[in-house]
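A.B. asks: Sending over protein.pdb (PDB, C-alpha atoms).
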ATOM      1  CA  MET A   7      -7.106  19.855 -54.842  1.00  0.00           C
ATOM      2  CA  GLU A   8      -6.624  21.927 -51.748  1.00  0.00           C
ATOM      3  CA  ALA A   9      -9.563  20.195 -50.111  1.00  0.00           C
ATOM      4  CA  LEU A  10      -8.098  16.835 -51.024  1.00  0.00           C
ATOM      5  CA  GLU A  11      -4.756  17.876 -49.618  1.00  0.00           C
ATOM      6  CA  ARG A  12      -6.459  19.063 -46.461  1.00  0.00           C
ATOM      7  CA  GLY A  13      -8.316  15.769 -46.251  1.00  0.00           C
ATOM      8  CA  GLU A  14      -5.131  13.820 -46.693  1.00  0.00           C
ATOM      9  CA  SER A  15      -3.458  15.962 -44.059  1.00  0.00           C
ATOM     10  CA  VAL A  16      -6.273  15.325 -41.582  1.00  0.00           C
ATOM     11  CA  THR A  17      -6.178  11.604 -42.328  1.00  0.00           C
ATOM     12  CA  ALA A  18      -2.422  11.537 -41.822  1.00  0.00           C
ATOM     13  CA  GLU A  19      -2.702  13.422 -38.533  1.00  0.00           C
ATOM     14  CA  ALA A  20      -5.464  11.091 -37.343  1.00  0.00           C
ATOM     15  CA  THR A  21      -3.403   8.056 -38.274  1.00  0.00           C
ATOM     16  CA  THR A  22      -0.344   9.504 -36.534  1.00  0.00           C
ATOM     17  CA  GLY A  23      -2.456  10.266 -33.495  1.00  0.00           C
ATOM     18  CA  ARG A  24      -3.679   6.677 -33.367  1.00  0.00           C
ATOM     19  CA  ARG A  25      -0.118   5.416 -33.600  1.00  0.00           C
ATOM     20  CA  ARG A  26       0.946   7.675 -30.750  1.00  0.00           C
ATOM     21  CA  THR A  27      -1.951   6.493 -28.614  1.00  0.00           C
ATOM     22  CA  THR A  28      -1.075   2.887 -29.348  1.00  0.00           C
ATOM     23  CA  LYS A  29       2.555   3.448 -28.456  1.00  0.00           C
ATOM     24  CA  ALA A  30       1.566   5.205 -25.255  1.00  0.00           C
ATOM     25  CA  GLU A  31      -0.734   2.332 -24.345  1.00  0.00           C
ATOM     26  CA  GLN A  32       1.968  -0.205 -25.121  1.00  0.00           C
ATOM     27  CA  ARG A  33       4.454   1.720 -23.010  1.00  0.00           C
ATOM     28  CA  ALA A  34       1.961   1.868 -20.124  1.00  0.00           C
ATOM     29  CA  GLU A  35       1.286  -1.869 -20.404  1.00  0.00           C
ATOM     30  CA  THR A  36       5.014  -2.627 -20.434  1.00  0.00           C
ATOM     31  CA  MET A  37       5.533  -0.415 -17.406  1.00  0.00           C
ATOM     32  CA  GLU A  38       2.743  -2.150 -15.498  1.00  0.00           C
ATOM     33  CA  GLN A  39       4.166  -5.551 -16.348  1.00  0.00           C
ATOM     34  CA  ILE A  40       7.611  -4.497 -15.173  1.00  0.00           C
ATOM     35  CA  LEU A  41       6.197  -3.141 -11.918  1.00  0.00           C
ATOM     36  CA  ASP A  42       4.076  -6.262 -11.355  1.00  0.00           C
ATOM     37  CA  GLU A  43       6.962  -8.666 -11.857  1.00  0.00           C
ATOM     38  CA  ALA A  44       9.374  -6.539  -9.840  1.00  0.00           C
ATOM     39  CA  GLU A  45       6.814  -6.321  -7.046  1.00  0.00           C
ATOM     40  CA  TYR A  46       6.505 -10.101  -6.968  1.00  0.00           C
ATOM     41  CA  LEU A  47      10.281 -10.600  -6.802  1.00  0.00           C
ATOM     42  CA  PHE A  48      10.906  -7.847  -4.256  1.00  0.00           C
ATOM     43  CA  SER A  49       8.113  -9.195  -2.045  1.00  0.00           C
ATOM     44  CA  LYS A  50       9.811 -12.610  -2.002  1.00  0.00           C
ATOM     45  CA  HIS A  51      13.492 -11.667  -1.892  1.00  0.00           C
ATOM     46  CA  GLY A  52      13.756  -8.041  -0.821  1.00  0.00           C
ATOM     47  CA  LEU A  53      15.614  -5.184  -2.444  1.00  0.00           C
ATOM     48  CA  HIS A  54      19.047  -6.758  -2.241  1.00  0.00           C
ATOM     49  CA  GLY A  55      17.948 -10.232  -3.338  1.00  0.00           C
ATOM     50  CA  VAL A  56      16.761  -9.128  -6.778  1.00  0.00           C
ATOM     51  CA  THR A  57      18.630  -7.841  -9.839  1.00  0.00           C
ATOM     52  CA  LEU A  58      17.357  -5.949 -12.867  1.00  0.00           C
ATOM     53  CA  LYS A  59      18.220  -9.042 -14.897  1.00  0.00           C
ATOM     54  CA  ASP A  60      15.926 -11.111 -12.651  1.00  0.00           C
ATOM     55  CA  VAL A  61      13.065  -8.724 -13.332  1.00  0.00           C
ATOM     56  CA  ALA A  62      13.775  -8.602 -17.068  1.00  0.00           C
ATOM     57  CA  LYS A  63      13.759 -12.398 -17.212  1.00  0.00           C
ATOM     58  CA  ARG A  64      10.303 -12.583 -15.627  1.00  0.00           C
ATOM     59  CA  VAL A  65       8.993  -9.882 -17.950  1.00  0.00           C
ATOM     60  CA  GLY A  66      10.575 -11.573 -20.963  1.00  0.00           C
ATOM     61  CA  VAL A  67      12.646  -8.622 -22.167  1.00  0.00           C
ATOM     62  CA  HIS A  68      16.326  -7.719 -22.322  1.00  0.00           C
ATOM     63  CA  HIS A  69      17.585  -6.056 -19.158  1.00  0.00           C
ATOM     64  CA  THR A  70      18.637  -2.955 -21.105  1.00  0.00           C
ATOM     65  CA  LEU A  71      14.931  -2.119 -21.499  1.00  0.00           C
ATOM     66  CA  LEU A  72      14.687  -1.704 -17.732  1.00  0.00           C
ATOM     67  CA  ASN A  73      17.609   0.713 -17.837  1.00  0.00           C
ATOM     68  CA  TYR A  74      15.603   2.751 -20.341  1.00  0.00           C
ATOM     69  CA  TYR A  75      12.754   3.123 -17.846  1.00  0.00           C
ATOM     70  CA  PHE A  76      14.698   3.198 -14.569  1.00  0.00           C
ATOM     71  CA  GLU A  77      18.057   4.656 -13.604  1.00  0.00           C
ATOM     72  CA  ASP A  78      18.898   1.744 -11.308  1.00  0.00           C
ATOM     73  CA  LYS A  79      17.347  -0.980  -9.158  1.00  0.00           C
ATOM     74  CA  LYS A  80      16.524   1.360  -6.275  1.00  0.00           C
ATOM     75  CA  ALA A  81      14.605   3.633  -8.646  1.00  0.00           C
ATOM     76  CA  LEU A  82      12.581   0.609  -9.783  1.00  0.00           C
ATOM     77  CA  PHE A  83      11.977  -0.443  -6.178  1.00  0.00           C
ATOM     78  CA  ASP A  84      10.800   3.051  -5.234  1.00  0.00           C
ATOM     79  CA  ALA A  85       8.428   3.098  -8.219  1.00  0.00           C
ATOM     80  CA  VAL A  86       7.016  -0.287  -7.229  1.00  0.00           C
ATOM     81  CA  PHE A  87       6.434   0.881  -3.677  1.00  0.00           C
ATOM     82  CA  ALA A  88       4.949   4.240  -4.625  1.00  0.00           C
ATOM     83  CA  ARG A  89       2.474   2.803  -7.143  1.00  0.00           C
ATOM     84  CA  ARG A  90       0.162   1.235  -4.577  1.00  0.00           C
ATOM     85  CA  ALA A  91       1.176   3.416  -1.615  1.00  0.00           C
ATOM     86  CA  VAL A  92      -0.686   6.347  -3.086  1.00  0.00           C
ATOM     87  CA  VAL A  93      -3.811   4.204  -3.543  1.00  0.00           C
ATOM     88  CA  THR A  94      -3.978   2.889   0.012  1.00  0.00           C
ATOM     89  CA  SER A  95      -2.993   6.217   1.540  1.00  0.00           C
ATOM     90  CA  GLU A  96      -5.632   8.183  -0.359  1.00  0.00           C
ATOM     91  CA  ARG A  97      -8.340   5.598   0.325  1.00  0.00           C
ATOM     92  CA  ARG A  98      -7.653   5.638   4.053  1.00  0.00           C
ATOM     93  CA  MET A  99      -7.511   9.425   4.151  1.00  0.00           C
ATOM     94  CA  ARG A 100     -10.951   9.594   2.511  1.00  0.00           C
ATOM     95  CA  ALA A 101     -12.290   6.956   4.924  1.00  0.00           C
ATOM     96  CA  LEU A 102     -11.007   8.909   7.935  1.00  0.00           C
ATOM     97  CA  ASP A 103     -12.477  12.156   6.562  1.00  0.00           C
ATOM     98  CA  ASP A 104     -15.831  10.454   5.941  1.00  0.00           C
ATOM     99  CA  TYR A 105     -15.807   8.936   9.405  1.00  0.00           C
ATOM    100  CA  GLU A 106     -15.103  12.261  11.093  1.00  0.00           C
ATOM    101  CA  ARG A 107     -17.936  13.929   9.166  1.00  0.00           C
ATOM    102  CA  SER A 108     -20.317  11.159  10.190  1.00  0.00           C
ATOM    103  CA  CYS A 109     -19.453  11.198  13.893  1.00  0.00           C
ATOM    104  CA  GLY A 110     -19.074  14.951  14.360  1.00  0.00           C
ATOM    105  CA  ASP A 111     -17.005  15.822  17.393  1.00  0.00           C
ATOM    106  CA  LYS A 112     -17.442  12.406  19.016  1.00  0.00           C
ATOM    107  CA  PRO A 113     -15.218   9.851  17.277  1.00  0.00           C
ATOM    108  CA  SER A 114     -14.722   6.477  18.919  1.00  0.00           C
ATOM    109  CA  VAL A 115     -11.430   4.634  19.094  1.00  0.00           C
ATOM    110  CA  GLU A 116     -12.818   1.609  17.268  1.00  0.00           C
ATOM    111  CA  GLY A 117     -14.524   3.740  14.638  1.00  0.00           C
ATOM    112  CA  ALA A 118     -11.285   5.554  13.815  1.00  0.00           C
ATOM    113  CA  LEU A 119      -9.339   2.302  13.737  1.00  0.00           C
ATOM    114  CA  ARG A 120     -11.895   0.646  11.462  1.00  0.00           C
ATOM    115  CA  ALA A 121     -11.677   3.524   8.992  1.00  0.00           C
ATOM    116  CA  PHE A 122      -7.896   3.154   8.977  1.00  0.00           C
ATOM    117  CA  LEU A 123      -7.455  -0.631   9.202  1.00  0.00           C
ATOM    118  CA  ASP A 124     -10.526  -2.052   7.474  1.00  0.00           C
ATOM    119  CA  THR A 125     -10.131   0.218   4.458  1.00  0.00           C
ATOM    120  CA  ASP A 126      -6.575  -1.028   4.006  1.00  0.00           C
ATOM    121  CA  LEU A 127      -7.435  -4.673   4.602  1.00  0.00           C
ATOM    122  CA  ASP A 128     -10.192  -4.448   1.981  1.00  0.00           C
ATOM    123  CA  LEU A 129      -7.525  -3.811  -0.646  1.00  0.00           C
ATOM    124  CA  TYR A 130      -5.778  -7.080   0.214  1.00  0.00           C
ATOM    125  CA  ILE A 131      -9.067  -8.968   0.410  1.00  0.00           C
ATOM    126  CA  GLU A 132     -10.409  -7.689  -2.917  1.00  0.00           C
ATOM    127  CA  GLY A 133      -7.277  -6.746  -4.858  1.00  0.00           C
ATOM    128  CA  GLY A 134      -5.918 -10.153  -5.792  1.00  0.00           C
ATOM    129  CA  GLU A 135      -2.390 -11.518  -5.575  1.00  0.00           C
ATOM    130  CA  GLY A 136      -0.792  -8.264  -6.675  1.00  0.00           C
ATOM    131  CA  TRP A 137      -2.053  -6.468  -3.587  1.00  0.00           C
ATOM    132  CA  LYS A 138      -1.011  -9.360  -1.374  1.00  0.00           C
ATOM    133  CA  ASN A 139       2.496  -9.125  -2.832  1.00  0.00           C
ATOM    134  CA  TYR A 140       2.489  -5.423  -2.063  1.00  0.00           C
ATOM    135  CA  ALA A 141       1.363  -6.174   1.495  1.00  0.00           C
ATOM    136  CA  ALA A 142       4.377  -8.445   2.025  1.00  0.00           C
ATOM    137  CA  LEU A 143       6.640  -5.842   0.467  1.00  0.00           C
ATOM    138  CA  GLY A 144       5.268  -3.166   2.794  1.00  0.00           C
ATOM    139  CA  ALA A 145       5.977  -5.377   5.804  1.00  0.00           C
ATOM    140  CA  GLN A 146       9.588  -5.733   4.648  1.00  0.00           C
ATOM    141  CA  VAL A 147      10.004  -2.007   4.145  1.00  0.00           C
ATOM    142  CA  ALA A 148       8.502  -1.184   7.545  1.00  0.00           C
ATOM    143  CA  ASN A 149      11.041  -3.470   9.221  1.00  0.00           C
ATOM    144  CA  THR A 150      14.133  -2.145   7.419  1.00  0.00           C
ATOM    145  CA  PRO A 151      15.469   0.729   9.578  1.00  0.00           C
ATOM    146  CA  GLU A 152      18.366   1.650   7.270  1.00  0.00           C
ATOM    147  CA  TRP A 153      16.136   3.060   4.501  1.00  0.00           C
ATOM    148  CA  GLY A 154      12.671   1.581   4.926  1.00  0.00           C
ATOM    149  CA  ALA A 155      11.581   3.944   7.697  1.00  0.00           C
ATOM    150  CA  SER A 156      12.176   6.997   5.525  1.00  0.00           C
ATOM    151  CA  LEU A 157      10.155   5.401   2.713  1.00  0.00           C
ATOM    152  CA  MET A 158       7.263   4.740   5.083  1.00  0.00           C
ATOM    153  CA  ASP A 159       7.522   8.296   6.434  1.00  0.00           C
ATOM    154  CA  ARG A 160       7.376   9.770   2.946  1.00  0.00           C
ATOM    155  CA  HIS A 161       4.303   7.865   1.829  1.00  0.00           C
ATOM    156  CA  PHE A 162       2.264   7.285   4.973  1.00  0.00           C
ATOM    157  CA  ASP A 163       2.935   9.976   7.587  1.00  0.00           C
ATOM    158  CA  PRO A 164      -0.003  12.209   6.518  1.00  0.00           C
ATOM    159  CA  VAL A 165      -2.620   9.461   6.863  1.00  0.00           C
ATOM    160  CA  VAL A 166      -1.078   8.132  10.099  1.00  0.00           C
ATOM    161  CA  LEU A 167      -1.103  11.615  11.614  1.00  0.00           C
ATOM    162  CA  ARG A 168      -4.737  11.967  10.507  1.00  0.00           C
ATOM    163  CA  LEU A 169      -5.585   8.788  12.422  1.00  0.00           C
ATOM    164  CA  LEU A 170      -3.665   9.960  15.478  1.00  0.00           C
ATOM    165  CA  GLY A 171      -5.597  13.229  15.441  1.00  0.00           C
ATOM    166  CA  LEU A 172      -8.889  11.332  15.595  1.00  0.00           C
ATOM    167  CA  LEU A 173      -7.602   9.060  18.368  1.00  0.00           C
ATOM    168  CA  LYS A 174      -6.636  12.101  20.432  1.00  0.00           C
ATOM    169  CA  LYS A 175     -10.190  13.422  20.047  1.00  0.00           C
ATOM    170  CA  ALA A 176     -11.617  10.036  21.028  1.00  0.00           C
ATOM    171  CA  LEU A 177      -9.325   9.811  24.077  1.00  0.00           C
ATOM    172  CA  PRO A 178      -9.103  13.368  25.436  1.00  0.00           C
ATOM    173  CA  GLY A 179      -7.850  12.218  28.835  1.00  0.00           C
ATOM    174  CA  CYS A 180      -5.150   9.926  27.474  1.00  0.00           C
ATOM    175  CA  SER A 181      -1.515  10.967  27.338  1.00  0.00           C
ATOM    176  CA  GLU A 182      -0.043  11.503  23.891  1.00  0.00           C
ATOM    177  CA  ALA A 183       2.693   8.998  24.729  1.00  0.00           C
ATOM    178  CA  ASP A 184       0.135   6.237  25.287  1.00  0.00           C
ATOM    179  CA  ILE A 185      -1.648   7.095  22.040  1.00  0.00           C
ATOM    180  CA  PHE A 186       1.618   6.919  20.104  1.00  0.00           C
ATOM    181  CA  TRP A 187       2.519   3.611  21.778  1.00  0.00           C
ATOM    182  CA  GLY A 188      -0.942   2.315  20.960  1.00  0.00           C
ATOM    183  CA  TYR A 189      -0.436   3.156  17.299  1.00  0.00           C
ATOM    184  CA  HIS A 190       2.979   1.499  17.438  1.00  0.00           C
ATOM    185  CA  PHE A 191       1.349  -1.741  18.599  1.00  0.00           C
ATOM    186  CA  VAL A 192      -1.377  -1.441  15.942  1.00  0.00           C
ATOM    187  CA  THR A 193       1.055  -0.990  13.079  1.00  0.00           C
ATOM    188  CA  GLY A 194       3.272  -3.786  14.405  1.00  0.00           C
ATOM    189  CA  ALA A 195       0.369  -6.225  14.356  1.00  0.00           C
ATOM    190  CA  LEU A 196      -0.715  -4.997  10.929  1.00  0.00           C
ATOM    191  CA  MET A 197       2.756  -5.442   9.425  1.00  0.00           C
ATOM    192  CA  LEU A 198       3.072  -8.964  10.842  1.00  0.00           C
ATOM    193  CA  THR A 199      -0.320  -9.777   9.341  1.00  0.00           C
ATOM    194  CA  LEU A 200       0.662  -8.368   5.941  1.00  0.00           C
ATOM    195  CA  ALA A 201       3.888 -10.387   5.943  1.00  0.00           C
ATOM    196  CA  ARG A 202       1.898 -13.659   5.805  1.00  0.00           C
ATOM    197  CA  THR A 203       4.690 -15.637   7.437  1.00  0.00           C
ATOM    198  CA  GLY A 204       2.528 -18.728   7.973  1.00  0.00           C
ATOM    199  CA  ARG A 205       3.488 -18.934  11.643  1.00  0.00           C
ATOM    200  CA  ILE A 206      -0.083 -18.657  12.926  1.00  0.00           C
ATOM    201  CA  ASP A 207      -1.041 -21.490  10.564  1.00  0.00           C
ATOM    202  CA  LYS A 208       1.454 -23.803  12.249  1.00  0.00           C
ATOM    203  CA  LEU A 209       0.769 -22.657  15.802  1.00  0.00           C
ATOM    204  CA  SER A 210      -2.992 -23.104  15.368  1.00  0.00           C
ATOM    205  CA  GLY A 211      -2.711 -26.402  13.532  1.00  0.00           C
ATOM    206  CA  GLY A 212      -4.429 -24.855  10.525  1.00  0.00           C
ATOM    207  CA  LEU A 213      -7.286 -23.302  12.510  1.00  0.00           C
ATOM    208  CA  CYS A 214      -6.096 -19.838  11.496  1.00  0.00           C
ATOM    209  CA  LYS A 215      -4.596 -18.861   8.140  1.00  0.00           C
ATOM    210  CA  SER A 216      -2.076 -16.061   7.744  1.00  0.00           C
ATOM    211  CA  ASP A 217      -3.650 -15.008   4.449  1.00  0.00           C
ATOM    212  CA  ASP A 218      -7.175 -14.849   5.886  1.00  0.00           C
ATOM    213  CA  PHE A 219      -7.421 -11.064   5.878  1.00  0.00           C
ATOM    214  CA  MET A 220     -11.194 -11.252   6.363  1.00  0.00           C
ATOM    215  CA  ALA A 221     -10.693 -12.950   9.725  1.00  0.00           C
ATOM    216  CA  VAL A 222      -8.192 -10.237  10.642  1.00  0.00           C
ATOM    217  CA  LYS A 223     -10.617  -7.509   9.602  1.00  0.00           C
ATOM    218  CA  GLU A 224     -13.335  -8.994  11.807  1.00  0.00           C
ATOM    219  CA  ARG A 225     -11.082  -8.848  14.888  1.00  0.00           C
ATOM    220  CA  MET A 226      -8.211  -6.385  14.691  1.00  0.00           C
ATOM    221  CA  ALA A 227      -9.909  -3.004  15.180  1.00  0.00           C
ATOM    222  CA  SER A 228     -11.960  -4.260  18.153  1.00  0.00           C
ATOM    223  CA  PHE A 229      -8.918  -5.882  19.740  1.00  0.00           C
ATOM    224  CA  MET A 230      -6.754  -2.794  19.305  1.00  0.00           C
ATOM    225  CA  ALA A 231      -9.471  -0.428  20.511  1.00  0.00           C
ATOM    226  CA  ALA A 232      -9.701  -2.390  23.754  1.00  0.00           C
ATOM    227  CA  GLY A 233      -5.943  -2.041  24.156  1.00  0.00           C
ATOM    228  CA  PHE A 234      -6.091   1.734  23.748  1.00  0.00           C
ATOM    229  CA  LEU A 235      -8.909   2.004  26.260  1.00  0.00           C
ATOM    230  CA  GLN A 236      -7.080  -0.188  28.759  1.00  0.00           C
ATOM    231  CA  ILE A 237      -3.758   1.687  28.758  1.00  0.00           C
ATOM    232  CA  CYS A 238      -5.599   5.007  29.015  1.00  0.00           C
ATOM    233  CA  LYS A 239      -7.703   3.665  31.893  1.00  0.00           C
ATOM    234  CA  GLN A 240      -4.575   2.494  33.725  1.00  0.00           C
ATOM    235  CA  GLN A 241      -3.016   5.945  33.674  1.00  0.00           C
ATOM    236  CA  GLY A 242      -6.165   7.449  35.124  1.00  0.00           C
TER     237      GLY A 242
END
Using structure tokens, write down the structure that the file contains.
C.D. replies:
Amino acid sequence: MEALERGESVTAEATTGRRRTTKAEQRAETMEQILDEAEYLFSKHGLHGVTLKDVAKRVGVHHTLLNYYFEDKKALFDAVFARRAVVTSERRMRALDDYERSCGDKPSVEGALRAFLDTDLDLYIEGGEGWKNYAALGAQVANTPEWGASLMDRHFDPVVLRLLGLLKKALPGCSEADIFWGYHFVTGALMLTLARTGRIDKLSGGLCKSDDFMAVKERMASFMAAGFLQICKQQG
């Protein structure tokens, strides 16, 4: 009898455990769906152009469910932004670390830029529409001085400073001011690319496509490296 009771107890615990796992998985799936749909809307309309009701409608749930997961719209926005920020930041940090190990004490400007830029662009090339939506969202955040700059600082300063450290090693005779300006121009071009405005499509008569991240990857690091070398050469 005791054995039977113990068996029943184990079975009950196992069943309960399965239910908990299922609920946890369902909660995770719901969260991902909320973040995906919010990301899409925020990438199109910005923080202030989207309501929690808009997100709930796309998810197909009542808006009170979003209040269960998130305190307010800004909390949802921050969660959307942080979700992929940690992925791209960690990937680029690893790429920069790997590059420095491979080149020893002699990094090149283009090599450092490729580790930083190409690794990020690969996410938008390979990651599907979700990553492209995040790219557009990142471009919006980077160009919103009221609160976007602090969000970029929080998530990306460590990897940007890692890049700048390598660039200083690659350009020992270059002033720090020129290196910082060079990075400013790099990130400006990157954010315009990620925004996918379609302007280059029109200007080029369709020869170039704003969503052709592979074409950007083939050109950007080389182009920017030449710019760094030129401004450092001018000061010498």
A.B. asks: For a cutoff of 12 Å around the file-coordinate point (0.4, -22.2, 7.6), which residues qualify once you count all atoms listed in the file? I'd like the result as a PDB file with C-alpha atoms, in the frame of the given file.
C.D. replies:
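Full text of result05.pdb as output:
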ATOM      1  CA  ARG A 202       1.898 -13.659   5.805  1.00  0.00           C
ATOM      2  CA  THR A 203       4.690 -15.637   7.437  1.00  0.00           C
ATOM      3  CA  GLY A 204       2.528 -18.728   7.973  1.00  0.00           C
ATOM      4  CA  ARG A 205       3.488 -18.934  11.643  1.00  0.00           C
ATOM      5  CA  ILE A 206      -0.083 -18.657  12.926  1.00  0.00           C
ATOM      6  CA  ASP A 207      -1.041 -21.490  10.564  1.00  0.00           C
ATOM      7  CA  LYS A 208       1.454 -23.803  12.249  1.00  0.00           C
ATOM      8  CA  LEU A 209       0.769 -22.657  15.802  1.00  0.00           C
ATOM      9  CA  SER A 210      -2.992 -23.104  15.368  1.00  0.00           C
ATOM     10  CA  GLY A 211      -2.711 -26.402  13.532  1.00  0.00           C
ATOM     11  CA  GLY A 212      -4.429 -24.855  10.525  1.00  0.00           C
ATOM     12  CA  LEU A 213      -7.286 -23.302  12.510  1.00  0.00           C
ATOM     13  CA  CYS A 214      -6.096 -19.838  11.496  1.00  0.00           C
ATOM     14  CA  LYS A 215      -4.596 -18.861   8.140  1.00  0.00           C
ATOM     15  CA  SER A 216      -2.076 -16.061   7.744  1.00  0.00           C
ATOM     16  CA  ASP A 217      -3.650 -15.008   4.449  1.00  0.00           C
ATOM     17  CA  ASP A 218      -7.175 -14.849   5.886  1.00  0.00           C
TER      18      ASP A 218
END
A.B. asks: Since I can't run it myself right now, could you work out what the PyMOL selection byres ((chain A and resi 114) around 9) selects here and report it as a count of residues only?
C.D. replies: 14
A.B. asks: Kindly indicate which residue among A:Met220, A:Val165, A:Leu143, A:Ala232 lies nearest to Phe87 of chain A, using all atoms listed in the file for the distances.
C.D. replies: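 Answer, going by the shortest atom-to-atom distance: A:Leu143.
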A.B. asks: Which residues fall under the PyMOL selection byres ((chain A and resi 90) around 12) in this file, as a count of residues only?
C.D. replies: 31
A.B. asks: Provide the atom CA of Gly188 of chain A to atom CA of Gly233 of chain A distance in Å, to one decimal place.
C.D. replies: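 Computing the Euclidean distance for atom CA of Gly188 of chain A and atom CA of Gly233 of chain A yields 7.4 Å.
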A.B. asks: Output the residue selection produced by the PyMOL selection byres ((chain A and resi 164) around 12) on the file above, formatted as a list in words.
C.D. replies: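 Given this file, the PyMOL selection byres ((chain A and resi 164) around 12) evaluates to Val92, Ser95, Glu96, Arg98, Met99, Arg100, Leu102, Met158, Asp159, Arg160, His161, Phe162, Asp163, Val165, Val166, Leu167, Arg168, Leu169, Leu170 and Gly171 of chain A.
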A.B. asks: Write out as a PyMOL selection string which residues come within 12 Å of Gly66 of chain A when counting only C-alpha atoms, dropping same-chain ones fewer than 4 positions away.
C.D. replies: chain A and resi 36+39-40+43+58-62+70-72
A.B. asks: Save the residues we just selected, C-alpha atoms, as a PDB file, in the frame of the given file?
C.D. replies:
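Saved the output as out-v9.pdb:
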ATOM      1  CA  THR A  36       5.014  -2.627 -20.434  1.00  0.00           C
ATOM      2  CA  GLN A  39       4.166  -5.551 -16.348  1.00  0.00           C
ATOM      3  CA  ILE A  40       7.611  -4.497 -15.173  1.00  0.00           C
ATOM      4  CA  GLU A  43       6.962  -8.666 -11.857  1.00  0.00           C
ATOM      5  CA  LEU A  58      17.357  -5.949 -12.867  1.00  0.00           C
ATOM      6  CA  LYS A  59      18.220  -9.042 -14.897  1.00  0.00           C
ATOM      7  CA  ASP A  60      15.926 -11.111 -12.651  1.00  0.00           C
ATOM      8  CA  VAL A  61      13.065  -8.724 -13.332  1.00  0.00           C
ATOM      9  CA  ALA A  62      13.775  -8.602 -17.068  1.00  0.00           C
ATOM     10  CA  THR A  70      18.637  -2.955 -21.105  1.00  0.00           C
ATOM     11  CA  LEU A  71      14.931  -2.119 -21.499  1.00  0.00           C
ATOM     12  CA  LEU A  72      14.687  -1.704 -17.732  1.00  0.00           C
TER      13      LEU A  72
END
A.B. asks: Compare A:Phe186, A:Glu35, A:Met230, A:Lys79 by their minimum atom-to-atom distance to His54 of chain A, counting all atoms listed in the file, and give me the closest one.
C.D. replies: A:Lys79
A.B. asks: Atom CA of Ser228 of chain A and atom CA of Thr150 of chain A, how far apart in Å?
C.D. replies: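 Separation between atom CA of Thr150 of chain A and atom CA of Ser228 of chain A: 28.3 Å.
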A.B. asks: Let me make sure I understand: among A:Gln146, A:Thr199, A:Ser156, A:Gln240, which one has the smallest atom-to-atom distance to Ser49 of chain A if we use all atoms listed in the file?
C.D. replies: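 For Ser49 of chain A, the nearest of the given residues is A:Gln146.
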A.B. asks: Neighbouring residues of Leu196 of chain A were defined as those with any atom within 9 Å, considering all atoms listed in the file; residues of the same chain fewer than 3 positions away were excluded. Please report them as a ChimeraX atom specification.
C.D. replies: /A:123,145,191-193,199-201,226
A.B. asks: Could you tell me how far atom CA of Cys238 of chain A lies from atom CA of Lys223 of chain A, in Å and to one decimal?
C.D. replies: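 Separation of atom CA of Cys238 of chain A and atom CA of Lys223 of chain A: 23.6 Å.
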A.B. asks: With all atoms listed in the file as the basis for distance, which of A:Lys29, A:Ala142, A:Lys239, A:Glu135 is at the shortest distance from Asp184 of chain A?
C.D. replies: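 Using all atoms listed in the file, Asp184 of chain A sits closest to A:Lys239.
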